[in-house]
Structures are given as structure tokens and as C-alpha cells.
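Heads up: the structure comes next, in C-alpha cells.
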Amino acid sequence: MRSPKSTPSEVETIWVFGDQLNRGLGPLATASPGSVRILMVESKAKLASKHWHRQRAHLLIASMRRFASELVDEGFDVDYRHAASLGSGLEEHRALFKPPRVLAMEPNSFDAHLLCERLGVTLVRSDQFLCHYDEFAAWSESKRSVKMEDFYRWQRVRLGHLMDQGEPLGGRWNFDADNRERPPKDGRAWPEPLRTPLDDLDREVLADLPTSCWGADPDGTWATSRSEALRRLDYVVTSVLPTFGPHEDAMLSSSWHLSHTLLSSSLNLGLLLPGEVCDAVDAACRKGAIPLASAEGFIRQVIGWREYVWGCYWKWMPEYRVVNALDAHRPLPPLFTGSPTSMRCVSHVMDEVRDHGYAHHIQRLMILGNLGLLAGIEPMALNEWMWASFVDAAEWVMLPNVLGMALFADGGQMATKPYAAGGAFINKMSDYCGSCRYDRKVRTGPDACPFTTLYWSFLDRHRDRFARNARVAQQVAGLGRLSDLDGVRQRSDDVLAALDAGEL
């Protein structure tokens, strides 16, 4: 895609990356048609680098092409390149247009940042997040431990969200305890996601995807333009968030989305900005349209957890990619690549990932991540799979969430305890267990829930490490009360062998 006016001239180039798709970001915010040329690059190497979910690949490429088309309609000279790599795309652009300077907003990935420095791109400070990673580093520098709750409260004060004269609205910083209710059993209808009919551009993108992509085709759930993302934000504020909070950790087989906002992919591509999202939720809460606990829970995810993950990524890279504190080296089991499983919870979540390129945070952490932790799956193997499978994935998102939060591969940098759980937790927070062929209450024997068996086996294998962890020590001590620990060890060996063979 190249606009008709693309001819060599002495104008600067603004390079826009595929996750910075917003007219108000970086150097684009002050640019005007005729004063600059825009470069965007579709990288063949990037498409070939992973087995992408079709909805993940479609979302990124369709959003890029749509944004480029909007810039052309505005009058910008846009050089949209299909190149072997990001770097070769830039070099081809330079050879053709000879710009005196190439500008870009700081990329959202460590490798792209290094690439820009190596190729002489002038970087402009990123304003895509509410806390720049330099500010995060300065905030965390003098602290013995970096805790999300502390960061979140600092963010609330400096940004003013849900604050009243310097104090948290409602007198509490955190309503998390109110937002952990068990799945409702009343058969309620959850707000259906908005959808946008696919158009010719969508069909063109789908036709261009490599055959290695997997999963269902998109159904219009994921916005590929700012206008559609804004339409979803309005809908979320009026129709979704009012019922979000209490059951945000629940898992139901009857609904893949419950009252989750599904805005993360739009935020991560730049179609929505965190400030405008939180401003809208804050305003609705103050008017009484959204309960305070629901508004606080959502805003905590955006200005707290999301920006905390962003800051940790930049603080710990590049060494963070190779952390493996629990010495986990099991290859990715076949159930992650299409093999069926009799574990109903895992099977159900995997079906949802196949159909939507999505699973909500508890499904990712306490089903898929928990399985990876208990089974000792190699951290980067699971990270690569999740990165390629979820529509809202990016390296900065996945590394801290998967390696740190889910797998404890960083030894406690990200989380103060491993998020290990057996069948009892899954049964408490879902309706998956009732018709499962495995018994969540049993640790040994052929009918024992694999999660229950592996939970106790995990604590047994790592008892020396976690006996001194204040948040897990009581559970480790419980190993001494198990009369069937030898049976647990044997059942664990059988479960792992079946997992490796795709027969669990």
C-alpha cells in the first residue's frame, strides 16, 4: 500500500510500528500531511517466527493496513511495505526516498528498540503508557522489593483516578476481596461482545496469512480500527463493567467472556489509550453507573497491573528471557498443539483459545499457567505458545506474566509465591469439574485429578525452596500429614508420562 504521492523529496519519515496505531501518539501527534512521510512495514520474518493464531495475526495486520489507509485518507504520504524484515523495510524505504531523518516513537519491544538504535533511527519518548519505564525505574530504584500494590497506589495518587481530595474514593484502595465470588449458578445472561462485520480488507488479510496459522477465523469481536475500539469502550462502560467486579475471577463453561471488557487487544495496539479508558470508567463510576468495586477492579488492572508489567519488562530485560529458577525443562505437551485431553478444565479453555484467540486472566494463570508450573514445562516454550495464541499478546505482556506470575521462573521477582493450585481451587472458581472424568478430591489412582496430584508432587519436589516462603510454608508443611505421599509420587510420574504422550 503506497499512496500516489510517494515520490522522493526532502521530508522526514515517521516510522509507525504495528502496536502504535494512534494518531495522537509520539511524533504523529504533531505531524501534518505534506510535512512528513509515513513508513509502515509488514515483516515476513515476523509472520514466519511463530505458529500464530489466525485471529492474532489477522488483528495485527488488518489494524495496520486500516490505520495506513486512514492516514492516506487524511492526506499523508504513506509508504506501506511488505518486506523480509523490519530492518530491510526501512533500508528499502531509505534507498527510495532518501529521508534526511527517520523518526519513531520508542518501540514497545526490546529488540525493536535495539534495531532502531543500530539503524540510526531518532527515537521520541513513548507516551503510550501512563508511566514511562524510566519513571518506573526511578520509582522502584530505592525499594528493597517492588510490589504491584505499592505501585498501583502511587499511580492512583499521581493520576487521580478514583481519588477524592487525596484519599481513595470509598475509603479503600482495593476492593479485590469483593471481586472473588464463586461462579453464579443462576444461569444469567452475560453481555455479548460487540462485533464488526468483516469487510474486503479483512478478507484480503485472511487470504494473505501463512498456512502455518491455526485457530478459527475472526468473527468481528476484535476491533481493528480506532473508531470501532471507541465504540466498544462506550459499550463496555454502559453495559459490561456494571456487572464486572464480583465474578471477574470466575470461570464458566457457558460463557467465554462473562463481563470481561475484551479491551486489552485495543489497548496493546494503541487503538485505545489507557488514560482515556480510565477517565471514562472513573466518570461513569462517579455518576453511579458503575459500582465502585467494579470500577476499581478494572482501573487496577489498567493503571496497576498492566503498567507494572510494562515497567518490570524494561527493568529486567534482556536477562529476563532466560530465567528458569525452578529448573523446568519439560517440552510443551501435545495438548497445547491440538491433542485432546480428558481434563475438562484444560479442554474447555483450549477450545476457547482455538475459537477466540483469548482466555481471561484466571484461565491463563490458574488453568494453563498452573498446569505449566506443576508439570515443569520449560518457561520459554509456554511463553512462546501464549505469545502466538492470544490476540492481546506481546513480548512485554507475556514475559512477566508467564515467566514471573504463572511459572515462578524468576524465583520471586514478579510474585511473592508460586500460583500453584489443585483441583479444589478450580472447582471453587469454575463449573468445569462436575462432569470431568477425573475426581478433584483424589490424589492417587487412575481417577485422581491431575491438578490435585501434581500440586502435591510440585510441593514435594520443591519443598526445600518453599518451606521458607511465608505464603506457602503452611502448604509445604502439609506434606508431612500425607499418608499416601509415595502413591502421589507414583501417580505424578504416570500423569506426566501421559501428558507427554498426549494421553491425559
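In the C-alpha cells, each chain is lettered A, B, ... as it comes, each chain's residues begin at 1, and ligands are numbered from 1 in order of appearance.
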
Using only C-alpha atoms, which protein or nucleic acid residues come within 6 Å of segment 294-311 of chain A? Drop anything in the same chain fewer than 3 positions from it, and give the result as a list in words.
Tyr133, Phe136, Tyr152, Phe244, Gly245, Pro291 and Trp314 of chain A

Please identify which residues in segment 55-197 of chain A DSSP calls strand (DSSP E or B) from the backbone, and express them as number ranges by chain.
A: 77-83, 102-105, 122-124, 163-164, 167-168

Determine, counting only C-alpha atoms, which protein, DNA and RNA residues have an atom within 10 Å of an atom of Arg180 of chain A; residues of the same chain fewer than 5 positions away are not included. Present the result as a ChimeraX atom specification.
/A:175,245-250,429

What residues in segment 90-227 of chain A get the DSSP label alpha helix (DSSP H)? Please answer as a ChimeraX atom specification.
/A:90-97,110-118,133-140,148-159,200-208,226-227

Mind writing the picked residues with C-alpha atoms as a PDB file, in the first residue's frame?
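Output file out-v5.pdb is given in full below:
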ATOM      1  CA  LEU A  90      13.497   0.579   6.499  1.00  0.00           C
ATOM      2  CA  GLU A  91      16.548   0.204   4.262  1.00  0.00           C
ATOM      3  CA  GLU A  92      14.367  -0.149   1.155  1.00  0.00           C
ATOM      4  CA  HIS A  93      12.456   2.963   2.180  1.00  0.00           C
ATOM      5  CA  ARG A  94      15.671   4.918   2.706  1.00  0.00           C
ATOM      6  CA  ALA A  95      17.077   3.831  -0.627  1.00  0.00           C
ATOM      7  CA  LEU A  96      13.961   5.014  -2.465  1.00  0.00           C
ATOM      8  CA  PHE A  97      13.105   8.225  -0.628  1.00  0.00           C
ATOM      9  CA  PHE A 110      13.379  -4.534  23.496  1.00  0.00           C
ATOM     10  CA  ASP A 111      14.629  -5.951  20.183  1.00  0.00           C
ATOM     11  CA  ALA A 112      12.892  -3.286  18.091  1.00  0.00           C
ATOM     12  CA  HIS A 113      14.459  -0.638  20.313  1.00  0.00           C
ATOM     13  CA  LEU A 114      17.915  -2.103  19.649  1.00  0.00           C
ATOM     14  CA  LEU A 115      17.135  -2.292  15.934  1.00  0.00           C
ATOM     15  CA  CYS A 116      16.245   1.400  15.819  1.00  0.00           C
ATOM     16  CA  GLU A 117      19.445   2.333  17.612  1.00  0.00           C
ATOM     17  CA  ARG A 118      21.520   0.179  15.264  1.00  0.00           C
ATOM     18  CA  TYR A 133       9.649   2.891  32.063  1.00  0.00           C
ATOM     19  CA  ASP A 134      12.224   5.481  33.136  1.00  0.00           C
ATOM     20  CA  GLU A 135       9.727   6.772  35.691  1.00  0.00           C
ATOM     21  CA  PHE A 136       9.051   3.211  36.857  1.00  0.00           C
ATOM     22  CA  ALA A 137      12.775   2.568  37.238  1.00  0.00           C
ATOM     23  CA  ALA A 138      13.167   5.762  39.280  1.00  0.00           C
ATOM     24  CA  TRP A 139      10.170   4.853  41.474  1.00  0.00           C
ATOM     25  CA  SER A 140      11.476   1.336  42.141  1.00  0.00           C
ATOM     26  CA  MET A 148       2.378  -4.056  42.433  1.00  0.00           C
ATOM     27  CA  GLU A 149       0.077  -2.799  45.195  1.00  0.00           C
ATOM     28  CA  ASP A 150       2.556  -0.080  46.146  1.00  0.00           C
ATOM     29  CA  PHE A 151       2.964   0.929  42.522  1.00  0.00           C
ATOM     30  CA  TYR A 152      -0.796   0.950  41.998  1.00  0.00           C
ATOM     31  CA  ARG A 153      -1.403   3.286  44.935  1.00  0.00           C
ATOM     32  CA  TRP A 154       1.358   5.599  43.688  1.00  0.00           C
ATOM     33  CA  GLN A 155      -0.308   5.609  40.274  1.00  0.00           C
ATOM     34  CA  ARG A 156      -3.730   6.374  41.769  1.00  0.00           C
ATOM     35  CA  VAL A 157      -2.357   9.390  43.614  1.00  0.00           C
ATOM     36  CA  ARG A 158      -0.374  10.820  40.707  1.00  0.00           C
ATOM     37  CA  LEU A 159      -3.106  10.204  38.106  1.00  0.00           C
ATOM     38  CA  ASP A 200     -12.928  -6.722   1.952  1.00  0.00           C
ATOM     39  CA  LEU A 201      -9.822  -5.641   3.832  1.00  0.00           C
ATOM     40  CA  ASP A 202     -10.382  -8.367   6.445  1.00  0.00           C
ATOM     41  CA  ARG A 203     -10.870 -10.989   3.749  1.00  0.00           C
ATOM     42  CA  GLU A 204      -7.741  -9.795   1.953  1.00  0.00           C
ATOM     43  CA  VAL A 205      -5.712 -10.158   5.142  1.00  0.00           C
ATOM     44  CA  LEU A 206      -7.070 -13.642   5.842  1.00  0.00           C
ATOM     45  CA  ALA A 207      -6.138 -14.708   2.309  1.00  0.00           C
ATOM     46  CA  ASP A 208      -2.603 -13.423   2.885  1.00  0.00           C
ATOM     47  CA  ARG A 226      -9.876   3.261  16.493  1.00  0.00           C
ATOM     48  CA  SER A 227     -13.497   4.089  15.725  1.00  0.00           C
TER      49      SER A 227
END

Write out as a Markdown table the residues of segment 344-424 of chain A that have any atom within 10 Å of an atom of segment 330-333 of chain A, one row each with the nearest atom pair and its distance in Å to one decimal, counting only C-alpha atoms, sorted by chain and then rising number.
| residue | atom | partner | partner_atom | distance |
| --- | --- | --- | --- | --- |
| A:Gly372 | CA | A:Leu332 | CA | 8.5 |
| A:Ala375 | CA | A:Arg330 | CA | 7.4 |
| A:Gly376 | CA | A:Arg330 | CA | 5.7 |
| A:Ile377 | CA | A:Arg330 | CA | 4.3 |
| A:Glu378 | CA | A:Arg330 | CA | 5.3 |
| A:Pro379 | CA | A:Arg330 | CA | 8.9 |
| A:Met380 | CA | A:Leu332 | CA | 9.6 |
| A:Ala381 | CA | A:Leu332 | CA | 6.0 |
| A:Leu382 | CA | A:Leu332 | CA | 6.6 |
| A:Glu384 | CA | A:Leu332 | CA | 10.0 |
| A:Trp385 | CA | A:Leu332 | CA | 8.5 |

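Note that atom CA of Ala293 of chain A and atom CA of Leu258 of chain A are 16.6 Å apart.
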
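Interatomic distance, atom CA of Lys50 of chain A against atom CA of Gly215 of chain A: 13.5 Å.
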
Of the residues A:Ser32, A:Asn469, A:Gln490, A:Asn427, which is the one nearest to Pro446 of chain A, using only C-alpha atoms?
A:Gln490
